[in-house]
Amino acid sequence: MKKGTIIKVSGPLVTAGGMEDANIQDVCYVGDKRLIGEIIEMRGDVASVQVYEETSGIGPGEPLETTGEALSVELAPGLVSQMFDGIQRPLDRFMQAANSPFLKKGISVTPLDREKKWDFVPKVEAGDEVGPGDVLGEVQETESIVHRIMVPFGVAGKVKTIERGEHTIVDTIAVISDPDGEDRKVAMLTKWPVRYARPVTEKLNPIKPLVTGQRVVDTLFPVMKGGTAAIPGPFGAGKTVIQHQLAKWSDVDLVVYVGCGERGNEMTDVLNEFPELVDPRTGQSLMKRTILIANTSNMPVAAREASIYTGITIAEYYRDMGYNVAIMADSTSRWAEALREMSGRLQEMPGDEGYPAYLGSRLAAYYERAGRVIALGRDRREGSITAISAVSPPGGDIAEPVTQNTLRVVKVFWGLDATLARQRHFPAINWLNSYSLYSLQVRQAINTILGADWESYVKWVTGVLQDESRLQEVVRLIGIDSLSDRDRLTLDVAKSIREDYLQQNSFDVDDSYASLRKQLKLLDMIKFFAEKAESCIDASLTYEKITEGSDDIKEKIARAKSIPESELERIDGIKREISEFYDGLRGEVEQ
């Protein structure tokens with residue numbers, strides 16, 4: 001270890017001299033209390049260190065010690081269902097060590113439990129040749145996650161011994177003899193520096209849709225497994241609401257949820273809700289496939305900058321096992337604010353609105369770590385990371401730097417609308433200014449999955465909503481009485497699409513999640529209603545005559561979204577009632 005002396009303390013930034021042998025990104029112990037920090041700048045023998053803990057009480061003259069290692073995360077069984085802070089300290093065990101619900105300085109806790117034993121089942125035998133990424137064996141981490149123990153990067157050779165049975169994560173489970181004859185001991189625990197992407201064999205184009213169960217997303221603005229999406233919106237528009245919904249119901253194997261600079265009560269909601277919710281894919285608790293990284297607004301600001309990298313590195317680890325992973329970052333604006341604060345304390349030249357000039361490249365580097373890949377290893381495991389991040393532009397102004405730099409690299413934009421949120425329309429995604437560059441691919445994939453012309457339904461919905469926007473302009477100018485009967489019917493159909501299809505109730509167990517099959521059934525019913533009503537217009541019936549006595553039908557259409565997945569045939573019954581009602585109206589005219 002290399003030692004220096006603290007010269008200056010400026011909030012989370014500490015400057016130390018006598019550090020000529022240190023390197024950028026080295027982890028340090030700061031002061032007599034040995035706070036954790038990381039070197040972010042070197043000028044001669046003076047190192048600037050961002051400290052991941054509260055620096056009050058630290059002063060000039062105290063020692064600063066560098067470990068010579070980069071900031072890394074521990075990767076081993078025991079990650080799933082846990083809650084860590086931005087530098088992977090387990091908050092439950094940290095609270096026990098501190099004997100307090102608040103963070104205390106200088107307390108050291110190992111990220112993963114060194115005492116717990118896991119049942120290791122080998123997948124190779126002594127004498128087998130292995131290389132980086134090859135699976136040595138498996139551990140049943142939770143009911144839904146099989147943890148694959150992989151050969152660490154940089155290790156290759158012949159398996160000399162491999163031990164089946166109960167082991168802690170630091171026990172030697174295998175010995176690999178490299179080509180030089182040197183024996184390398186392998187444990188279940190490995191480390192990886194968070195600022196470096198884990199290597200892969202090949203990066204692939206995304207081809208499978210991420211089914212979220214949120215109708216406005218799956219129908220109008222879908223994302224692919226391995227894709228990237230941003231959720232910009234003003235305060236109170238529902239960014240956290242939709243991220244919670246996506247984390248709950250997306251058809252991925254694992255969710256890494258990063259609460260970066262957001263309010264603590266939002267992470268509390270996750271902790272309280274997720275253990276009680278049942279994953280529709282596995283039938284297990286949602287916490288059995290969730291990892292939480294919590295660096296809330298009252299926690300040290302420097303650790304906020306590290307939390308995003310901690311989350312994406314853990315996501316890459318499970319991706320390399322062959323899993324589809326989703327990482328939710330809430331929000332990257334708070335992460336960018338931490339960058340801005342540290343940049344200001346380093347006296348760097350500011351860019352737009354005070355953010356550092358490298359903001360765009362840092363955001364791009366983060367999103368580039370998402371994607372669908374072939375992992376290292378001979379069995380060519382395929383995995384993916386889908387990156388979905390909230391952005392919190394001040395005053396909802398998406399022209400600000402964080403949003404604009406984000407939109408340059410992501411392919412899906414879910415623009416949240418505060419007006420919709422105030423109307424209690426959730427998810428509050430504005431269907432007129434949002435977009436997805438994956439739309440065509442996803443529609444074609446869903447055509448195959450459902451065996452139906454899904455694309456035609458989506459085009460119809462889009463057309464009706466655009467017509468509604470145009471007609472609303474006319475109504476605001478000269479009143480609804482100026483519209484034709486057909487246009488007034490279009491407004492009714494659009495209202496049904498908005499309120500009976502796009503709007504969802506997260507507190508309704510049957511409406512919170514909608515499978516693709518249910519979405520198709522609901523869309524087909526609303527389109528059928530529109531076609532039958534239009535046929536009455538074609539038969540010279542007036543709008544008043546068509547709507548007279550239709551309240552019961554409209555009520556059943558509105559309530560259809562709360563029909564359980566196991567009873568979707570009831571929607572066919574509603575269609576029959578629609579047919580009987582409007583066919584009866586046409587019959588009266590023909591007589």
# chains A, B, ... in the order shown; residues from 1 in each chain; ligands from 1
>>> closest_atom_pairs(of="range 201-318 of chain A", to="range 413-436 of chain A", cutoff="9 Å", atoms="only C-alpha atoms", output="JSON lines")
{"residue": "A:Gln214", "atom": "CA", "partner": "A:Pro427", "partner_atom": "CA", "distance": 8.0}
{"residue": "A:Val216", "atom": "CA", "partner": "A:Ile429", "partner_atom": "CA", "distance": 7.5}
{"residue": "A:Val217", "atom": "CA", "partner": "A:Trp414", "partner_atom": "CA", "distance": 8.3}
{"residue": "A:Leu220", "atom": "CA", "partner": "A:Trp431", "partner_atom": "CA", "distance": 7.6}
{"residue": "A:Phe221", "atom": "CA", "partner": "A:Ser436", "partner_atom": "CA", "distance": 4.9}
{"residue": "A:Pro222", "atom": "CA", "partner": "A:Ser436", "partner_atom": "CA", "distance": 6.3}
{"residue": "A:Val223", "atom": "CA", "partner": "A:Ser436", "partner_atom": "CA", "distance": 7.1}
{"residue": "A:Ala229", "atom": "CA", "partner": "A:Phe413", "partner_atom": "CA", "distance": 6.0}
{"residue": "A:Ala230", "atom": "CA", "partner": "A:Phe413", "partner_atom": "CA", "distance": 5.3}
{"residue": "A:Ile231", "atom": "CA", "partner": "A:Trp414", "partner_atom": "CA", "distance": 5.0}
{"residue": "A:Pro232", "atom": "CA", "partner": "A:Gly415", "partner_atom": "CA", "distance": 5.6}
{"residue": "A:Gly233", "atom": "CA", "partner": "A:Leu416", "partner_atom": "CA", "distance": 4.8}
{"residue": "A:Pro234", "atom": "CA", "partner": "A:Ala418", "partner_atom": "CA", "distance": 6.6}
{"residue": "A:Phe235", "atom": "CA", "partner": "A:Ala418", "partner_atom": "CA", "distance": 7.8}
{"residue": "A:Gly236", "atom": "CA", "partner": "A:Ala418", "partner_atom": "CA", "distance": 6.8}
{"residue": "A:Ala237", "atom": "CA", "partner": "A:Ala418", "partner_atom": "CA", "distance": 4.6}
{"residue": "A:Gly238", "atom": "CA", "partner": "A:Ala428", "partner_atom": "CA", "distance": 6.6}
{"residue": "A:Lys239", "atom": "CA", "partner": "A:Leu416", "partner_atom": "CA", "distance": 7.4}
{"residue": "A:Val241", "atom": "CA", "partner": "A:Pro427", "partner_atom": "CA", "distance": 7.7}
{"residue": "A:Ile242", "atom": "CA", "partner": "A:Pro427", "partner_atom": "CA", "distance": 6.1}
>>> residues_around(residues="Asp113 in chain A", least_positions_apart="3", cutoff="12 Å", atoms="only C-alpha atoms", output="PyMOL selection string")
chain A and resi 74-79+82+89-90+92-94+109-110+116-118+167-170+189
>>> write_last_selection(atoms="C-alpha atoms", output="mmCIF file, in the first residue's frame")
data_model
loop_
_atom_site.group_PDB
_atom_site.id
_atom_site.type_symbol
_atom_site.label_atom_id
_atom_site.label_comp_id
_atom_site.auth_asym_id
_atom_site.auth_seq_id
_atom_site.Cartn_x
_atom_site.Cartn_y
_atom_site.Cartn_z
ATOM 1 C CA GLU A 74 -17.775 -8.937 -5.543
ATOM 2 C CA LEU A 75 -19.508 -11.468 -7.772
ATOM 3 C CA ALA A 76 -20.688 -14.767 -6.293
ATOM 4 C CA PRO A 77 -23.838 -16.535 -5.078
ATOM 5 C CA GLY A 78 -25.736 -14.378 -2.601
ATOM 6 C CA LEU A 79 -26.312 -11.291 -4.750
ATOM 7 C CA GLN A 82 -30.057 -8.295 -1.567
ATOM 8 C CA ARG A 89 -22.085 -2.482 0.989
ATOM 9 C CA PRO A 90 -25.013 -4.698 2.112
ATOM 10 C CA ASP A 92 -28.914 -4.965 6.228
ATOM 11 C CA ARG A 93 -25.547 -6.117 7.599
ATOM 12 C CA PHE A 94 -24.220 -2.546 7.572
ATOM 13 C CA VAL A 109 -18.562 -4.765 5.908
ATOM 14 C CA THR A 110 -17.857 -7.442 3.292
ATOM 15 C CA LYS A 116 -23.076 -19.183 4.248
ATOM 16 C CA LYS A 117 -22.545 -22.504 2.466
ATOM 17 C CA TRP A 118 -23.858 -23.220 -1.020
ATOM 18 C CA HIS A 167 -18.831 -24.603 0.140
ATOM 19 C CA THR A 168 -18.585 -20.980 1.165
ATOM 20 C CA ILE A 169 -17.890 -18.457 -1.593
ATOM 21 C CA VAL A 170 -14.209 -18.191 -0.549
ATOM 22 C CA LEU A 189 -16.057 -15.455 -5.427
#
>>> atom_distance(atom1="CA of Met150 in chain A", atom2="CA of Leu91 in chain A")
27.0 Å
>>> select_by_dssp(residues="range 71-199 of chain A", states="alpha helix (DSSP H)", output="list in words")
Leu91, Asp92, Arg93, Phe94, Met95, Gln96, Ala97 and Ala98 of chain A
>>> write_last_selection(atoms="N, CA and C atoms", output="compact mmCIF listing (two decimals), in the first residue's frame")
# COMPACT_ATOMS: atom_id res chain seq x y z
N LEU A 91 -26.81 -3.28 2.96
CA LEU A 91 -27.39 -2.34 3.92
C LEU A 91 -27.95 -3.03 5.16
N ASP A 92 -28.40 -4.28 5.03
CA ASP A 92 -28.91 -4.97 6.23
C ASP A 92 -27.78 -5.27 7.21
N ARG A 93 -26.66 -5.81 6.70
CA ARG A 93 -25.55 -6.12 7.60
C ARG A 93 -24.80 -4.85 8.04
N PHE A 94 -24.82 -3.83 7.19
CA PHE A 94 -24.22 -2.55 7.57
C PHE A 94 -24.98 -1.95 8.77
N MET A 95 -26.32 -2.07 8.73
CA MET A 95 -27.13 -1.55 9.83
C MET A 95 -26.83 -2.30 11.12
N GLN A 96 -26.63 -3.61 11.02
CA GLN A 96 -26.29 -4.40 12.21
C GLN A 96 -24.92 -4.00 12.76
N ALA A 97 -23.95 -3.80 11.85
CA ALA A 97 -22.59 -3.44 12.29
C ALA A 97 -22.57 -2.04 12.91
N ALA A 98 -23.38 -1.13 12.34
CA ALA A 98 -23.42 0.24 12.86
C ALA A 98 -24.35 0.38 14.05
>>> residues_around(residues="range 21-30 of chain A", least_positions_apart="2", cutoff="6 Å", atoms="only C-alpha atoms", output="list in words")
Met19, Arg34, Leu35, Ile36, Gly37, Glu38, Ile39, Ile40, Leu64, Glu65, Thr66, Thr67, Gly68, Glu69, Ala70 and Leu71 of chain A
>>> residues_around(residues="Val159 in chain A", least_positions_apart="5", cutoff="6 Å", atoms="only C-alpha atoms", output="ChimeraX atom specification")
/A:126-128,176
>>> closest_residue(among="A:Arg114, A:Arg215, A:Lys208, A:Arg319", to="His147 in chain A", atoms="only C-alpha atoms")
A:Arg319
>>> residues_around(residues="range 467-472 of chain A", least_positions_apart="5", cutoff="9 Å", atoms="only C-alpha atoms", output="number ranges by chain")
A: 432, 462, 477, 480, 483, 487-488, 490-491, 494-495
>>> closest_residue(among="A:Val146, A:Val211, A:Leu13, A:Ala365", to="Gly344 in chain A", atoms="only C-alpha atoms")
A:Leu13
>>> closest_atom_pairs(of="range 336-402 of chain A", to="range 292-302 of chain A", cutoff="12 Å", atoms="only C-alpha atoms", output="Markdown table")
| residue | atom | partner | partner_atom | distance |
| --- | --- | --- | --- | --- |
| A:Ala336 | CA | A:Val301 | CA | 10.7 |
| A:Glu337 | CA | A:Val301 | CA | 8.9 |
| A:Ala338 | CA | A:Val301 | CA | 5.9 |
| A:Leu339 | CA | A:Ala302 | CA | 8.2 |
| A:Arg340 | CA | A:Ala302 | CA | 10.6 |
| A:Glu341 | CA | A:Val301 | CA | 8.5 |
| A:Met342 | CA | A:Ala302 | CA | 7.6 |
| A:Ser343 | CA | A:Ala302 | CA | 11.1 |
| A:Arg345 | CA | A:Ala302 | CA | 11.7 |
>>> atom_distance(atom1="CA of Met328 in chain A", atom2="CA of Val256 in chain A")
6.3 Å
>>> residues_around(residues="Asp510 in chain A", least_positions_apart="6", cutoff="8 Å", atoms="only C-alpha atoms", output="VMD selection string")
chain A and resid 561 to 565
>>> select_by_dssp(residues="range 34-161 of chain A", states="strand (DSSP E or B)", output="JSON, numbers by chain")
{"A": [35, 36, 37, 38, 39, 40, 41, 42, 43, 46, 47, 48, 49, 50, 51, 63, 64, 65, 66, 67, 68, 69, 70, 72, 73, 74, 75, 83, 84, 90, 118, 119, 120, 121, 122, 129, 130, 135, 136, 137, 138, 139, 140, 146, 147, 148, 149, 150, 157, 158, 159, 160, 161]}
>>> atom_distance(atom1="CA of Glu276 in chain A", atom2="CA of Asp251 in chain A")
18.0 Å
>>> residues_around(residues="Gly18 in chain A", least_positions_apart="5", cutoff="7 Å", atoms="only C-alpha atoms", output="PyMOL selection string")
chain A and resi 4-5+45-46
>>> closest_residue(among="A:Thr406, A:Gln284, A:Thr290, A:Thr310", to="Leu271 in chain A", atoms="only C-alpha atoms")
A:Thr290
